[in-house]
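Right, one structure below, let's go through it.
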Amino acid sequence: MATSPAKPPLLTEFDPAKFLAELKIPAMPDVEAVLDTHKRNLSALTEANRVALEGAQAVARRHMEIMQSTMTELSETLKDLSTSTTPASRAAKHAELLKQAFETSVANSRELGDLIHKSNTEALNKLNARFSEAMSEMKTLFGKKTA
């Protein structure tokens with residue numbers, strides 16, 4: 001009869017329960033509370049995305065209004081230039097129109113930049129607020145000991 005081979009000494013002395021107890025794994029937090037925290041995180045992300053999308057839509061609308069206004073002004077400008085009789089008056093009118101176009105362009109760019117900045121700031125503030133709340137919640141959850 002064949003005898004079974006002897007277990008190595010390491011395996012005969014190994015106690016899995018004792019091993020796991022010695023690992024000192026932190027207690028698991030309340031899973032429902034963790035899931036609720038993640039739901040609130042997703043809700044905050046959704047809200048921030050909504051704010052960003054509304055901001056992008058507002059920028060696009062305003063940009064379209066600016067383009068329409070520019071085209072109307074360009075048409076009027078061309079009419080004004082065609083009615084000038086002397087080259088000197090035409091040059092003076094041309095210089096004035098260039099100055100107005102530049103000032104309008106700068107003002108419009110600033111307005112669009114402000115709209116974008118406002119939208120991004122609002123969305124980021126929502127995310128930052130939720131991040132702070134989530135860190136506090138996680139700290140509380142992982143600080144608790146389960147029985």
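Numbering starts fresh at 1 for the residues of each chain in the structure tokens, the chains themselves are lettered A, B, ... in the order given, and ligands are numbered from 1 as they appear.
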- Message: Need the shell around A:Ala33: protein/DNA/RNA residues with any atom at most 10 Å away, counting only C-alpha atoms. Skip same-chain ones fewer than 6 positions apart. Format as a PyMOL selection string?
- Response: chain A and resi 39+137-138+141
Generate a file of the selected residues that holds N, CA and C atoms, formatted as an mmCIF file, in the first residue's frame.
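The new file part_36.cif reads:
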```
data_model
loop_
_atom_site.group_PDB
_atom_site.id
_atom_site.type_symbol
_atom_site.label_atom_id
_atom_site.label_comp_id
_atom_site.auth_asym_id
_atom_site.auth_seq_id
_atom_site.Cartn_x
_atom_site.Cartn_y
_atom_site.Cartn_z
ATOM 1 N N LYS A 39 -23.966 57.838 -5.763
ATOM 2 C CA LYS A 39 -25.146 58.379 -6.459
ATOM 3 C C LYS A 39 -25.130 59.899 -6.415
ATOM 4 N N GLU A 137 -17.722 62.613 3.583
ATOM 5 C CA GLU A 137 -18.537 61.409 3.731
ATOM 6 C C GLU A 137 -17.667 60.158 3.785
ATOM 7 N N MET A 138 -16.693 60.070 2.902
ATOM 8 C CA MET A 138 -15.820 58.893 2.874
ATOM 9 C C MET A 138 -14.987 58.810 4.146
ATOM 10 N N LEU A 141 -17.293 57.475 6.697
ATOM 11 C CA LEU A 141 -17.613 56.067 6.454
ATOM 12 C C LEU A 141 -16.462 55.138 6.796
#
```
- Query: Got a sec: who's within 12 Å of A:Glu47, counting only C-alpha atoms, leaving out chain neighbours fewer than 2 positions off, as a PyMOL selection string?
  - Reply: chain A and resi 40-45+49-54+122-127+129-130
Counting only C-alpha atoms, what is within 9 Å of A:Ala101, bar same-chain residues fewer than 5 positions away, as a compact mmCIF listing (two decimals) with C-alpha atoms, in the first residue's frame?
```
# COMPACT_ATOMS: atom_id res chain seq x y z
CA THR A 70 -21.99 91.74 -38.19
CA GLU A 96 -13.73 105.08 -39.04
CA VAL A 106 -12.94 93.18 -29.03
```
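Nearest to A:Phe142 of all the residues A:Val31, A:Leu23, A:Ala17, A:Leu98 is A:Val31, based on only C-alpha atoms.
Here atom CA of A:Met67 stands at a distance of 12.3 Å from atom CA of A:Leu112.
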